[in-house]
file coords_25.txt (compact mmCIF, C-alpha atoms)
# COMPACT_ATOMS: atom_id res chain seq x y z
CA MET A 1 -11.42 -25.13 30.01
CA THR A 2 -8.86 -22.50 28.95
CA VAL A 3 -10.24 -19.00 28.34
CA ALA A 4 -8.35 -16.19 26.60
CA PHE A 5 -9.17 -12.68 27.87
CA SER A 6 -7.99 -9.64 25.89
CA ALA A 7 -6.26 -7.55 28.55
CA THR A 8 -4.38 -4.29 28.92
CA GLY A 9 -2.28 -5.67 31.81
CA THR A 10 -0.84 -8.95 32.98
CA ASP A 11 -3.02 -10.04 35.92
CA LEU A 12 -6.68 -10.54 36.75
CA ASN A 13 -6.98 -7.00 38.15
CA SER A 14 -6.04 -5.53 34.76
CA ASP A 15 -8.58 -3.79 32.63
CA MET A 16 -10.00 -5.69 29.72
CA ASP A 17 -8.67 -4.59 26.33
CA GLN A 18 -11.76 -3.90 24.23
CA ARG A 19 -9.85 -4.83 21.10
CA PHE A 20 -9.33 -8.46 20.15
CA GLY A 21 -6.89 -8.33 17.21
CA ARG A 22 -4.81 -5.51 18.60
CA ALA A 23 -5.16 -6.41 22.27
CA ARG A 24 -2.14 -5.52 24.42
CA GLN A 25 -2.00 -9.21 25.39
CA PHE A 26 -4.16 -12.17 26.30
CA ILE A 27 -4.46 -13.68 29.73
CA LEU A 28 -5.15 -17.39 29.51
CA VAL A 29 -7.08 -18.67 32.50
CA ASP A 30 -7.55 -22.35 33.27
CA THR A 31 -11.01 -22.35 34.86
CA GLU A 32 -10.36 -25.61 36.74
CA THR A 33 -7.16 -24.53 38.46
CA ASN A 34 -7.51 -20.73 38.17
CA ALA A 35 -3.94 -20.63 36.84
CA ALA A 36 -3.27 -17.62 34.60
CA THR A 37 -0.61 -17.32 31.89
CA ILE A 38 0.23 -14.51 29.49
CA LEU A 39 -0.06 -14.87 25.73
CA GLU A 40 1.86 -12.08 24.00
CA ASN A 41 0.19 -10.21 21.15
CA THR A 42 2.76 -7.45 20.56
CA GLN A 43 3.42 -8.33 16.90
CA ASN A 44 -0.26 -7.77 16.09
CA MET A 45 -0.59 -4.42 17.84
CA ASN A 46 1.26 -2.81 14.95
CA ALA A 47 0.34 -5.20 12.13
CA ALA A 48 -0.48 -3.42 8.89
CA GLN A 49 -3.41 -5.73 8.32
CA GLY A 50 -4.90 -9.01 9.46
CA ALA A 51 -4.30 -8.47 13.19
CA GLY A 52 -7.56 -10.18 14.07
CA ILE A 53 -6.74 -13.24 11.97
CA GLN A 54 -3.28 -13.56 13.49
CA ALA A 55 -4.54 -13.01 17.04
CA ALA A 56 -7.11 -15.73 16.44
CA GLN A 57 -4.33 -17.98 15.18
CA ASN A 58 -2.32 -17.32 18.34
CA VAL A 59 -5.31 -18.15 20.52
CA ILE A 60 -5.87 -21.37 18.54
CA ASN A 61 -2.20 -22.32 18.85
CA ALA A 62 -2.43 -21.72 22.62
CA GLU A 63 -5.28 -24.27 22.65
CA ALA A 64 -7.81 -21.96 24.22
CA ASP A 65 -11.42 -23.16 24.31
CA ALA A 66 -13.04 -19.74 24.58
CA VAL A 67 -12.31 -16.05 24.04
CA VAL A 68 -13.69 -13.20 26.15
CA THR A 69 -13.18 -9.77 24.61
CA GLY A 70 -14.84 -6.43 23.98
CA ASN A 71 -15.02 -6.36 20.22
CA CYS A 72 -14.38 -9.06 17.66
CA GLY A 73 -14.43 -8.41 13.91
CA PRO A 74 -15.76 -10.71 11.19
CA LYS A 75 -12.47 -12.29 10.08
CA ALA A 76 -11.26 -13.10 13.59
CA PHE A 77 -14.73 -14.45 14.37
CA GLN A 78 -14.65 -16.70 11.31
CA VAL A 79 -11.23 -18.12 12.22
CA LEU A 80 -12.14 -18.71 15.88
CA GLN A 81 -15.42 -20.28 14.89
CA ALA A 82 -13.71 -22.62 12.41
CA ALA A 83 -11.49 -23.81 15.27
CA GLY A 84 -14.52 -24.38 17.48
CA ILE A 85 -13.56 -21.66 19.94
CA LYS A 86 -16.47 -20.01 21.74
CA ILE A 87 -16.58 -16.20 21.71
CA TYR A 88 -18.06 -14.04 24.46
CA HIS A 89 -18.42 -10.26 24.23
CA THR A 90 -18.35 -8.32 27.45
CA ARG A 91 -18.30 -4.75 28.73
CA GLU A 92 -16.87 -5.74 32.13
CA ASP A 93 -14.02 -3.46 33.24
CA THR A 94 -11.49 -5.96 34.51
CA VAL A 95 -10.40 -9.43 33.54
CA GLY A 96 -11.40 -10.67 37.00
CA SER A 97 -14.96 -9.39 36.75
CA ALA A 98 -15.25 -10.73 33.20
CA LEU A 99 -14.10 -14.13 34.47
CA LYS A 100 -16.68 -13.98 37.26
CA ALA A 101 -19.40 -13.08 34.74
CA LEU A 102 -18.37 -15.97 32.51
CA LEU A 103 -18.36 -18.49 35.36
CA SER A 104 -21.72 -17.32 36.70
CA GLY A 105 -23.19 -17.83 33.26
CA THR A 106 -24.21 -14.22 32.59
CA LEU A 107 -22.13 -13.95 29.39
CA GLN A 108 -23.85 -15.18 26.28
CA GLU A 109 -21.96 -16.95 23.56
CA ALA A 110 -21.77 -14.70 20.47
CA ASP A 111 -23.12 -16.00 17.20
CA SER A 112 -21.59 -13.24 15.09
CA ALA A 113 -18.96 -10.51 15.04
CA ASN A 114 -20.00 -7.35 16.87
CA VAL A 115 -17.92 -4.83 14.89
CA ASP A 116 -17.24 -4.30 11.19
CA SER A 117 -14.07 -5.20 9.35
CA HIS A 118 -11.46 -2.45 9.33
CA TRP A 119 -10.35 -3.50 5.92
CA SER A 120 -13.16 -3.79 3.42
CA MET B 1 20.16 18.38 -27.59
CA PRO B 2 23.01 16.53 -25.89
CA GLU B 3 23.28 12.80 -26.30
CA MET B 4 21.51 10.86 -23.61
CA ARG B 5 23.17 8.20 -21.52
CA LYS B 6 20.33 5.72 -21.56
CA ASN B 7 19.79 6.00 -25.28
CA GLN B 8 23.27 4.79 -25.97
CA ASN B 9 22.48 1.26 -24.92
CA ASP B 10 18.79 1.36 -25.86
CA SER B 11 17.67 0.62 -22.34
CA PRO B 12 14.73 2.83 -21.39
CA PHE B 13 15.09 5.42 -18.66
CA THR B 14 12.41 5.33 -15.99
CA LEU B 15 11.61 8.49 -14.09
CA ALA B 16 9.19 8.19 -11.15
CA ILE B 17 7.24 11.20 -9.95
CA ALA B 18 6.33 10.61 -6.32
CA SER B 19 5.68 12.48 -3.09
CA GLY B 20 4.82 11.76 0.48
CA LYS B 21 1.92 14.15 0.65
CA GLY B 22 -0.97 13.91 -1.78
CA GLY B 23 -2.04 16.92 -3.80
CA THR B 24 1.46 18.34 -4.23
CA GLY B 25 1.39 18.20 -8.03
CA LYS B 26 2.66 14.78 -9.11
CA THR B 27 0.19 14.46 -11.95
CA THR B 28 0.69 18.08 -12.99
CA LEU B 29 4.44 17.51 -13.16
CA ALA B 30 4.32 14.03 -14.73
CA THR B 31 1.99 15.07 -17.55
CA ALA B 32 3.95 18.29 -18.18
CA LEU B 33 7.26 16.41 -18.28
CA ALA B 34 5.82 13.98 -20.82
CA GLU B 35 4.90 16.92 -22.99
CA ALA B 36 8.16 18.81 -22.47
CA ALA B 37 10.43 15.80 -23.05
CA GLY B 38 10.83 16.40 -26.77
CA MET B 39 11.00 12.68 -27.40
CA ALA B 40 8.66 9.71 -27.52
CA VAL B 41 7.51 8.93 -24.01
CA THR B 42 5.42 6.34 -22.23
CA LEU B 43 3.50 7.95 -19.40
CA ARG B 44 2.14 5.47 -16.87
CA ASP B 45 -0.49 6.46 -14.32
CA CYS B 46 0.39 4.18 -11.41
CA ASP B 47 -2.09 5.78 -9.02
CA VAL B 48 -4.54 2.96 -9.60
CA GLU B 49 -6.73 3.88 -6.63
CA GLU B 50 -7.66 7.16 -8.24
CA PRO B 51 -6.05 7.58 -11.65
CA ASN B 52 -6.44 11.09 -13.07
CA ALA B 53 -3.56 11.73 -15.49
CA HIS B 54 -5.89 10.92 -18.42
CA LEU B 55 -7.85 14.08 -17.63
CA PHE B 56 -4.80 16.11 -18.63
CA VAL B 57 -3.37 13.86 -21.35
CA ARG B 58 -6.74 13.22 -23.03
CA PRO B 59 -5.37 10.31 -25.04
CA ARG B 60 -7.05 8.49 -27.89
CA TRP B 61 -7.78 5.16 -26.18
CA ASN B 62 -6.97 2.06 -28.17
CA ARG B 63 -6.99 -0.84 -25.74
CA HIS B 64 -8.87 -1.88 -22.62
CA THR B 65 -8.03 -5.09 -20.79
CA GLU B 66 -9.29 -6.62 -17.57
CA GLN B 67 -6.55 -7.60 -15.17
CA ASN B 68 -6.54 -10.58 -12.84
CA ARG B 69 -4.24 -11.33 -10.00
CA HIS B 70 -3.32 -14.66 -8.45
CA VAL B 71 -4.67 -15.62 -5.08
CA PRO B 72 -4.20 -19.02 -3.44
CA GLN B 73 -6.72 -21.80 -3.84
CA ILE B 74 -6.36 -24.62 -1.34
CA ASP B 75 -7.05 -28.23 -2.23
CA ALA B 76 -8.67 -29.41 1.01
CA GLN B 77 -7.95 -33.06 0.15
CA ARG B 78 -4.22 -32.44 -0.02
CA CYS B 79 -3.88 -29.83 2.74
CA SER B 80 -2.38 -31.31 5.91
CA ALA B 81 -2.92 -28.10 7.90
CA CYS B 82 0.82 -27.98 8.61
CA GLY B 83 0.67 -24.18 8.83
CA LYS B 84 3.76 -23.39 6.74
CA CYS B 85 1.74 -21.12 4.42
CA ALA B 86 0.17 -19.19 7.32
CA GLU B 87 3.55 -18.81 8.96
CA LEU B 88 5.13 -17.50 5.75
CA CYS B 89 2.37 -15.04 4.86
CA GLN B 90 3.49 -11.55 5.88
CA PHE B 91 -0.02 -10.22 5.28
CA ASN B 92 -1.92 -12.45 7.72
CA ALA B 93 -4.06 -13.66 4.83
CA ILE B 94 -4.02 -17.34 5.86
CA ALA B 95 -4.99 -18.98 9.13
CA ILE B 96 -5.07 -22.64 10.15
CA ALA B 97 -8.23 -23.42 12.03
CA GLY B 98 -10.26 -26.56 12.52
CA GLY B 99 -7.68 -28.63 10.64
CA ARG B 100 -7.79 -26.61 7.46
CA ALA B 101 -6.18 -23.53 5.87
CA MET B 102 -8.50 -20.52 5.56
CA VAL B 103 -7.63 -17.86 2.99
CA PHE B 104 -8.69 -14.21 3.14
CA THR B 105 -8.12 -13.25 -0.47
CA GLU B 106 -8.76 -9.55 0.11
CA LEU B 107 -5.63 -9.41 2.28
CA CYS B 108 -3.47 -11.40 -0.18
CA HIS B 109 -0.69 -9.47 -1.95
CA SER B 110 -0.30 -12.16 -4.65
CA CYS B 111 3.31 -12.92 -3.77
CA GLN B 112 2.70 -16.67 -4.38
CA GLY B 113 4.99 -17.57 -1.48
CA CYS B 114 2.37 -19.90 0.02
CA ARG B 115 2.12 -21.89 -3.19
CA ARG B 116 5.88 -22.30 -3.30
CA ILE B 117 6.32 -23.32 0.33
CA CYS B 118 3.41 -25.79 0.54
CA PRO B 119 5.00 -29.24 1.04
CA GLU B 120 1.82 -31.00 -0.11
CA GLY B 121 1.39 -29.11 -3.37
CA ALA B 122 -2.10 -28.24 -2.12
CA ILE B 123 -2.04 -24.61 -3.21
CA SER B 124 -2.70 -23.46 -6.75
CA ASP B 125 -3.21 -20.03 -8.31
CA MET B 126 -6.73 -18.78 -8.77
CA ASP B 127 -7.55 -15.74 -10.91
CA MET B 128 -9.28 -12.85 -9.18
CA LEU B 129 -10.32 -9.70 -11.04
CA MET B 130 -8.32 -6.78 -9.66
CA GLY B 131 -8.94 -4.00 -12.18
CA SER B 132 -8.26 -2.86 -15.71
CA LEU B 133 -5.60 -1.32 -17.90
CA ASP B 134 -6.33 1.32 -20.50
CA CYS B 135 -3.81 2.19 -23.18
CA GLY B 136 -3.88 5.11 -25.58
CA VAL B 137 -1.80 7.68 -27.35
CA GLN B 138 -1.71 11.46 -27.40
CA LEU B 139 -0.53 13.08 -30.61
CA LYS B 140 -0.51 16.76 -29.64
CA ASN B 141 3.04 16.81 -31.01
CA PRO B 142 2.93 14.07 -33.67
CA ALA B 143 6.72 13.81 -33.80
CA THR B 144 6.91 13.04 -30.10
CA PRO B 145 3.82 11.02 -29.19
CA ILE B 146 2.89 10.30 -25.61
CA ASN B 147 1.98 6.66 -25.15
CA PHE B 148 -0.33 6.54 -22.23
CA ILE B 149 -1.15 3.70 -19.85
CA SER B 150 -3.53 3.93 -16.94
CA GLY B 151 -4.53 1.33 -14.37
CA LYS B 152 -7.79 1.35 -12.47
CA LEU B 153 -8.50 -0.81 -9.44
CA ALA B 154 -11.89 -2.56 -9.56
CA ILE B 155 -14.47 -1.37 -7.07
CA GLY B 156 -14.13 -3.28 -3.81
CA GLN B 157 -10.51 -4.21 -4.47
CA VAL B 158 -7.96 -2.76 -2.08
CA MET B 159 -4.73 -4.42 -3.16
CA ALA B 160 -2.99 -1.93 -5.44
CA PRO B 161 0.56 -3.36 -5.88
CA PRO B 162 -0.21 -6.20 -8.33
CA LEU B 163 -2.07 -3.80 -10.63
CA ILE B 164 0.69 -1.19 -10.34
CA ARG B 165 3.17 -3.85 -11.47
CA ALA B 166 0.95 -4.52 -14.49
CA VAL B 167 0.85 -0.79 -15.33
CA LYS B 168 4.65 -0.68 -15.17
CA ASN B 169 5.19 -3.78 -17.32
CA VAL B 170 2.66 -3.45 -20.12
CA GLY B 171 3.34 -2.12 -23.59
CA ALA B 172 6.25 -0.95 -25.67
CA ALA B 173 9.38 0.39 -24.02
CA GLU B 174 9.93 3.93 -25.25
CA PRO B 175 13.32 5.46 -24.43
CA LEU B 176 11.66 7.37 -21.60
CA ASN B 177 9.12 6.06 -19.10
CA ILE B 178 7.47 8.55 -16.76
CA LEU B 179 5.58 7.13 -13.80
CA ASP B 180 2.87 9.14 -12.07
CA CYS B 181 3.06 7.43 -8.67
CA PRO B 182 0.54 7.10 -5.86
CA PRO B 183 1.03 9.36 -2.82
CA GLY B 184 2.27 8.20 0.55
CA THR B 185 5.14 5.91 1.45
CA SER B 186 3.37 2.56 1.78
CA CYS B 187 3.25 -0.48 -0.51
CA PRO B 188 1.63 1.25 -3.54
CA MET B 189 4.21 4.05 -3.61
CA ILE B 190 7.11 1.64 -3.07
CA THR B 191 5.83 -0.71 -5.78
CA ALA B 192 5.60 2.22 -8.18
CA VAL B 193 9.05 3.77 -7.57
CA ARG B 194 10.99 0.52 -7.18
CA GLY B 195 13.43 -0.06 -10.03
CA SER B 196 13.31 3.52 -11.32
CA ASP B 197 16.43 5.24 -12.59
CA PHE B 198 15.51 8.45 -10.78
CA VAL B 199 12.74 9.67 -8.49
CA ILE B 200 11.42 13.21 -8.33
CA LEU B 201 9.74 13.95 -5.01
CA VAL B 202 7.20 16.74 -5.43
CA THR B 203 6.47 18.77 -2.34
CA GLU B 204 5.11 22.11 -1.22
CA PRO B 205 6.82 24.53 1.18
CA THR B 206 4.49 23.92 4.12
CA PRO B 207 4.86 21.97 7.40
CA PHE B 208 2.66 19.21 5.93
CA GLY B 209 4.76 19.16 2.79
CA LEU B 210 7.98 18.91 4.79
CA ASN B 211 6.72 16.20 7.13
CA ASP B 212 5.69 13.95 4.27
CA LEU B 213 8.75 14.83 2.18
CA GLU B 214 10.98 13.60 4.99
CA LEU B 215 9.13 10.27 5.04
CA ALA B 216 9.44 9.99 1.26
CA VAL B 217 13.17 10.79 1.40
CA GLU B 218 13.72 8.08 4.02
CA THR B 219 11.82 5.66 1.80
CA VAL B 220 13.73 6.29 -1.44
CA ARG B 221 17.03 6.27 0.46
CA GLN B 222 16.14 2.86 1.87
CA LEU B 223 15.41 1.71 -1.67
CA LYS B 224 18.77 3.18 -2.76
CA LEU B 225 17.16 5.22 -5.55
CA PRO B 226 18.69 8.49 -6.73
CA PHE B 227 16.28 11.37 -6.27
CA GLY B 228 15.74 15.10 -6.32
CA VAL B 229 13.03 17.45 -5.11
CA VAL B 230 10.63 19.71 -6.99
CA ILE B 231 8.90 22.38 -4.92
CA ASN B 232 5.45 23.26 -6.18
CA ARG B 233 3.55 26.44 -5.23
CA ALA B 234 7.05 27.60 -4.33
CA ASP B 235 6.29 31.09 -3.16
CA THR B 236 3.76 30.06 -0.54
CA GLY B 237 4.49 28.70 2.95
CA ASN B 238 7.86 28.98 4.61
CA SER B 239 11.53 28.16 4.06
CA ALA B 240 11.62 24.89 6.05
CA VAL B 241 11.60 22.60 2.99
CA ARG B 242 14.53 24.46 1.44
CA ASP B 243 16.41 24.41 4.75
CA TYR B 244 15.80 20.67 5.07
CA CYS B 245 17.05 20.02 1.52
CA ARG B 246 20.15 22.16 2.10
CA ASP B 247 20.97 20.47 5.42
CA ASN B 248 20.56 17.01 3.92
CA ASP B 249 22.35 17.61 0.61
CA ILE B 250 19.21 17.09 -1.44
CA ALA B 251 19.09 18.75 -4.83
CA ILE B 252 16.11 20.98 -5.55
CA ALA B 253 15.66 20.32 -9.26
CA LEU B 254 12.96 22.93 -9.89
CA GLU B 255 10.58 25.33 -8.22
CA ILE B 256 7.13 25.81 -9.73
CA PRO B 257 5.64 29.18 -8.81
CA TRP B 258 2.20 29.72 -7.31
CA GLU B 259 0.44 31.41 -10.20
CA ARG B 260 -3.18 31.95 -11.03
CA SER B 261 -2.58 31.07 -14.70
CA ILE B 262 -1.33 27.61 -13.67
CA ALA B 263 -4.33 27.00 -11.45
CA GLU B 264 -6.67 28.13 -14.23
CA ALA B 265 -5.01 25.82 -16.75
CA TYR B 266 -5.28 22.95 -14.26
CA SER B 267 -8.98 23.60 -13.73
CA ARG B 268 -9.51 23.29 -17.49
CA GLY B 269 -7.46 20.10 -17.67
CA ASP B 270 -4.71 21.88 -19.61
CA SER B 271 -1.08 21.18 -18.97
CA LEU B 272 1.48 23.18 -17.08
CA CYS B 273 3.25 23.64 -20.42
CA ASP B 274 0.18 25.40 -21.85
CA ALA B 275 0.09 27.71 -18.84
CA SER B 276 3.76 28.60 -18.94
CA PRO B 277 6.04 28.10 -21.97
CA ALA B 278 8.96 29.27 -19.81
CA LEU B 279 8.32 26.41 -17.42
CA LYS B 280 8.14 24.00 -20.33
CA ASN B 281 11.73 24.92 -21.24
CA LYS B 282 12.83 24.50 -17.64
CA LEU B 283 11.16 21.10 -17.45
CA HIS B 284 12.91 20.03 -20.65
CA THR B 285 16.28 21.11 -19.29
CA MET B 286 15.69 19.47 -15.93
CA LEU B 287 14.63 16.20 -17.54
CA HIS B 288 17.71 16.00 -19.71
CA HIS B 289 19.98 16.86 -16.80
CA ILE B 290 18.44 13.99 -14.87
CA MET B 291 18.79 11.55 -17.77
CA MET B 292 22.46 12.42 -18.35
CA ARG B 293 23.53 12.38 -14.75
CA GLU B 294 25.83 9.77 -13.34
CA GLU B 295 24.49 6.76 -11.49
CA THR B 296 25.27 8.12 -8.04
CA VAL B 297 23.72 11.17 -6.41

call {"tool": "encode", "arguments": {"input": "coords_25.txt", "output": "structure tokens"}}
result
Amino acid sequence: MTVAFSATGTDLNSDMDQRFGRARQFILVDTETNAATILENTQNMNAAQGAGIQAAQNVINAEADAVVTGNCGPKAFQVLQAAGIKIYHTREDTVGSALKALLSGTLQEADSANVDSHWS
Amino acid sequence: MPEMRKNQNDSPFTLAIASGKGGTGKTTLATALAEAAGMAVTLRDCDVEEPNAHLFVRPRWNRHTEQNRHVPQIDAQRCSACGKCAELCQFNAIAIAGGRAMVFTELCHSCQGCRRICPEGAISDMDMLMGSLDCGVQLKNPATPINFISGKLAIGQVMAPPLIRAVKNVGAAEPLNILDCPPGTSCPMITAVRGSDFVILVTEPTPFGLNDLELAVETVRQLKLPFGVVINRADTGNSAVRDYCRDNDIAIALEIPWERSIAEAYSRGDSLCDASPALKNKLHTMLHHIMMREETV
């Protein structure tokens, strides 16, 4: 399975980015091979609106199966959910520890957004 | 009164009153100019998020209409989830997920680009209530009536530009249109000033005033609109706004003094012209200078 982590840096030692839509970037981890690739999110960091929707679109296009992030708003949640992508919220500091938490089964799949919309 | 350029070919002259900073006196100036014009005017309150010019114009209302805007409606049978609409949308209002297009209408700017680009013809226009238009007339000087138009965004709606366009396009074209524009330099302000013959940027001589004036100047220059500056509460603050205008060859069209009588008139909902007949004459002169000027600044 491919998991997208919102990250402030480019490797597994990087801190998690608490933001989903305006995450610095995503690190895509293949949990079978442990291979990590970077998914850029720069265009959304400064988007006037709809950053969450577009970030969700990018994650869908990258064929991720799950998202691990700090906070996910209602629109991004709706888009990810429609694509059948599982969402996990975490307060782990680094991408590596969040990955460990996911693999050990301590993260619970979210059934709703955990922050309000910034828009309306 | 000298002959006016725009009257010669019967095409109305549109003067936009804008600013970067809010609370500089756009409405005060726009309503006073309408009164000082000495000709029939249409005054349009384009600040649809919080319209307030009517408080000073106190028109006799004669028409109220609900306004809809177009948002996309997707025919799920026809949609092939090709993603062209989502890719085109500059407002991130469409996503393709789970083999279908999802629309977030609250983010849609009603540009209709998605409908045009859809290769399957799966997108049609759907009406969505965005607000209302109120039209009226003020006959304080019966020979030179002020036609008044005001737009008000419906509660819960955040997309101002389509309603601003409606405010700008409705009703009879008097020889002079004055637009009371929303503050800032984002989409609502740009929608309001776009296409004007001249823009007055109202500012105050403070660091805040200067910062936001600079942003507004960059914006109207990008839009290639001729403009000048009016300094309100002119004898407060510092000289930085004047220095900036001098260094950048920007004309200061008028300075409005900081006077208790003006503030008192404002608090009663009276016009600047009521507070200061001398200013009314200056406004008249300034307006006609602007209308007679050449196309280039």

call {"tool": "interface_residues", "arguments": {"input": "coords_25.txt", "of": "chain B", "to": "chain A", "cutoff": "9 Å", "atoms": "only C-alpha atoms", "output": "ChimeraX atom specification"}}
result
/B:91-100,102,104,106-107,156-158

call {"tool": "atom_distance", "arguments": {"input": "coords_25.txt", "atom1": "CA of Val41 (chain B)", "atom2": "CA of Ile146 (chain B)"}}
result
5.1 Å

call {"tool": "residues_around", "arguments": {"input": "coords_25.txt", "residues": "Ile200 (chain B)", "least_positions_apart": "6", "cutoff": "7 Å", "atoms": "only C-alpha atoms", "output": "MDAnalysis selection string"}}
result
chainID B and resid 16:18 227:230

call {"tool": "axis_aligned_box", "arguments": {"input": "coords_25.txt", "around": "region 34-38 of chain A", "padding_each_side": "4 Å", "output": "JSON"}}
result
{"center_x": -3.6, "center_y": -17.6, "center_z": 33.8, "size_x": 15.7, "size_y": 14.2, "size_z": 16.7}

call {"tool": "closest_residue", "arguments": {"input": "coords_25.txt", "among": "B:Ser110, B:Thr144, B:Gln73, B:Thr105", "to": "Ile123 (chain B)", "atoms": "all atoms listed in the file"}}
result
B:Gln73

call {"tool": "atom_distance", "arguments": {"input": "coords_25.txt", "atom1": "CA of Asp65 (chain A)", "atom2": "CA of Leu102 (chain A)"}}
result
12.9 Å

call {"tool": "residues_near_point", "arguments": {"input": "coords_25.txt", "point": "(-15.0, -8.9, 20.3)", "cutoff": "7 Å", "atoms": "all atoms listed in the file", "output": "ChimeraX atom specification"}}
result
/A:19-20,69-73,89,113-114

call {"tool": "write_last_selection", "arguments": {"input": "coords_25.txt", "atoms": "C-alpha atoms", "output": "short mmCIF file (atom, residue, chain, number, x, y, z; two decimals), in the frame of the given file"}}
result
data_model
loop_
_atom_site.label_atom_id
_atom_site.label_comp_id
_atom_site.auth_asym_id
_atom_site.auth_seq_id
_atom_site.Cartn_x
_atom_site.Cartn_y
_atom_site.Cartn_z
CA ARG A 19 -9.85 -4.83 21.10
CA PHE A 20 -9.33 -8.46 20.15
CA THR A 69 -13.18 -9.77 24.61
CA GLY A 70 -14.84 -6.43 23.98
CA ASN A 71 -15.02 -6.36 20.22
CA CYS A 72 -14.38 -9.06 17.66
CA GLY A 73 -14.43 -8.41 13.91
CA HIS A 89 -18.42 -10.26 24.23
CA ALA A 113 -18.96 -10.51 15.04
CA ASN A 114 -20.00 -7.35 16.87
#

call {"tool": "atom_distance", "arguments": {"input": "coords_25.txt", "atom1": "CA of Cys111 (chain B)", "atom2": "CA of Val193 (chain B)"}}
result
18.1 Å

call {"tool": "closest_residue", "arguments": {"input": "coords_25.txt", "among": "A:Asn13, A:Thr94, A:Ser112, A:Gln18", "to": "Pro74 (chain A)", "atoms": "all atoms listed in the file"}}
result
A:Ser112

call {"tool": "closest_residue", "arguments": {"input": "coords_25.txt", "among": "A:Val95, A:Met45, A:Ala4, A:Ile87", "to": "Glu109 (chain A)", "atoms": "all atoms listed in the file"}}
result
A:Ile87

call {"tool": "closest_residue", "arguments": {"input": "coords_25.txt", "among": "B:Leu287, B:Ala81, B:Leu213, B:Leu129", "to": "Met39 (chain B)", "atoms": "only C-alpha atoms"}}
result
B:Leu287

call {"tool": "closest_residue", "arguments": {"input": "coords_25.txt", "among": "B:Thr203, B:Leu163, B:Ile74, B:Leu153", "to": "Ser124 (chain B)", "atoms": "all atoms listed in the file"}}
result
B:Ile74

call {"tool": "closest_residue", "arguments": {"input": "coords_25.txt", "among": "B:Thr14, B:Thr27, B:Gln67, B:Thr42", "to": "Pro183 (chain B)", "atoms": "only C-alpha atoms"}}
result
B:Thr27

call {"tool": "residues_around", "arguments": {"input": "coords_25.txt", "residues": "Pro182 (chain B)", "least_positions_apart": "2", "cutoff": "10 Å", "atoms": "all atoms listed in the file", "output": "JSON, numbers by chain"}}
result
{"B": [17, 18, 19, 20, 21, 22, 26, 27, 45, 46, 47, 48, 49, 50, 51, 160, 164, 179, 180, 184, 185, 186, 187, 188, 189, 190, 191, 192, 193]}

call {"tool": "residues_around", "arguments": {"input": "coords_25.txt", "residues": "Asp17 (chain A)", "least_positions_apart": "5", "cutoff": "6 Å", "atoms": "all atoms listed in the file", "output": "list in words"}}
result
Ser6, Ala7, Thr8 and Ala23 of chain A

call {"tool": "decode", "arguments": {"input": "coords_25.txt", "residues": "region 82-93 of chain A", "atoms": "N, CA and C atoms", "output": "mmCIF file, in the first residue's frame"}}
result
data_model
loop_
_atom_site.group_PDB
_atom_site.id
_atom_site.type_symbol
_atom_site.label_atom_id
_atom_site.label_comp_id
_atom_site.auth_asym_id
_atom_site.auth_seq_id
_atom_site.Cartn_x
_atom_site.Cartn_y
_atom_site.Cartn_z
ATOM 1 N N ALA A 82 -14.200 10.105 -1.244
ATOM 2 C CA ALA A 82 -14.855 9.713 -2.493
ATOM 3 C C ALA A 82 -13.935 8.833 -3.330
ATOM 4 N N ALA A 83 -12.622 9.046 -3.173
ATOM 5 C CA ALA A 83 -11.654 8.245 -3.931
ATOM 6 C C ALA A 83 -11.279 6.968 -3.189
ATOM 7 N N GLY A 84 -11.880 6.763 -2.028
ATOM 8 C CA GLY A 84 -11.617 5.544 -1.263
ATOM 9 C C GLY A 84 -10.269 5.541 -0.552
ATOM 10 N N ILE A 85 -9.730 6.735 -0.327
ATOM 11 C CA ILE A 85 -8.440 6.834 0.363
ATOM 12 C C ILE A 85 -8.681 6.943 1.868
ATOM 13 N N LYS A 86 -7.976 6.110 2.623
ATOM 14 C CA LYS A 86 -8.129 6.129 4.082
ATOM 15 C C LYS A 86 -7.361 7.317 4.658
ATOM 16 N N ILE A 87 -7.907 7.910 5.713
ATOM 17 C CA ILE A 87 -7.267 9.077 6.337
ATOM 18 C C ILE A 87 -6.962 8.762 7.797
ATOM 19 N N TYR A 88 -5.714 9.049 8.171
ATOM 20 C CA TYR A 88 -5.296 8.857 9.571
ATOM 21 C C TYR A 88 -4.765 10.175 10.112
ATOM 22 N N HIS A 89 -5.283 10.596 11.269
ATOM 23 C CA HIS A 89 -4.740 11.783 11.930
ATOM 24 C C HIS A 89 -3.701 11.329 12.937
ATOM 25 N N THR A 90 -2.639 12.112 13.054
ATOM 26 C CA THR A 90 -1.618 11.749 14.031
ATOM 27 C C THR A 90 -0.990 13.001 14.611
ATOM 28 N N ARG A 91 -0.449 12.855 15.834
ATOM 29 C CA ARG A 91 0.325 13.931 16.437
ATOM 30 C C ARG A 91 1.799 13.541 16.553
ATOM 31 N N GLU A 92 2.179 12.440 15.882
ATOM 32 C CA GLU A 92 3.596 12.037 15.889
ATOM 33 C C GLU A 92 4.450 13.168 15.310
ATOM 34 N N ASP A 93 5.697 13.277 15.839
ATOM 35 C CA ASP A 93 6.572 14.372 15.406
ATOM 36 C C ASP A 93 7.114 14.168 13.993
#
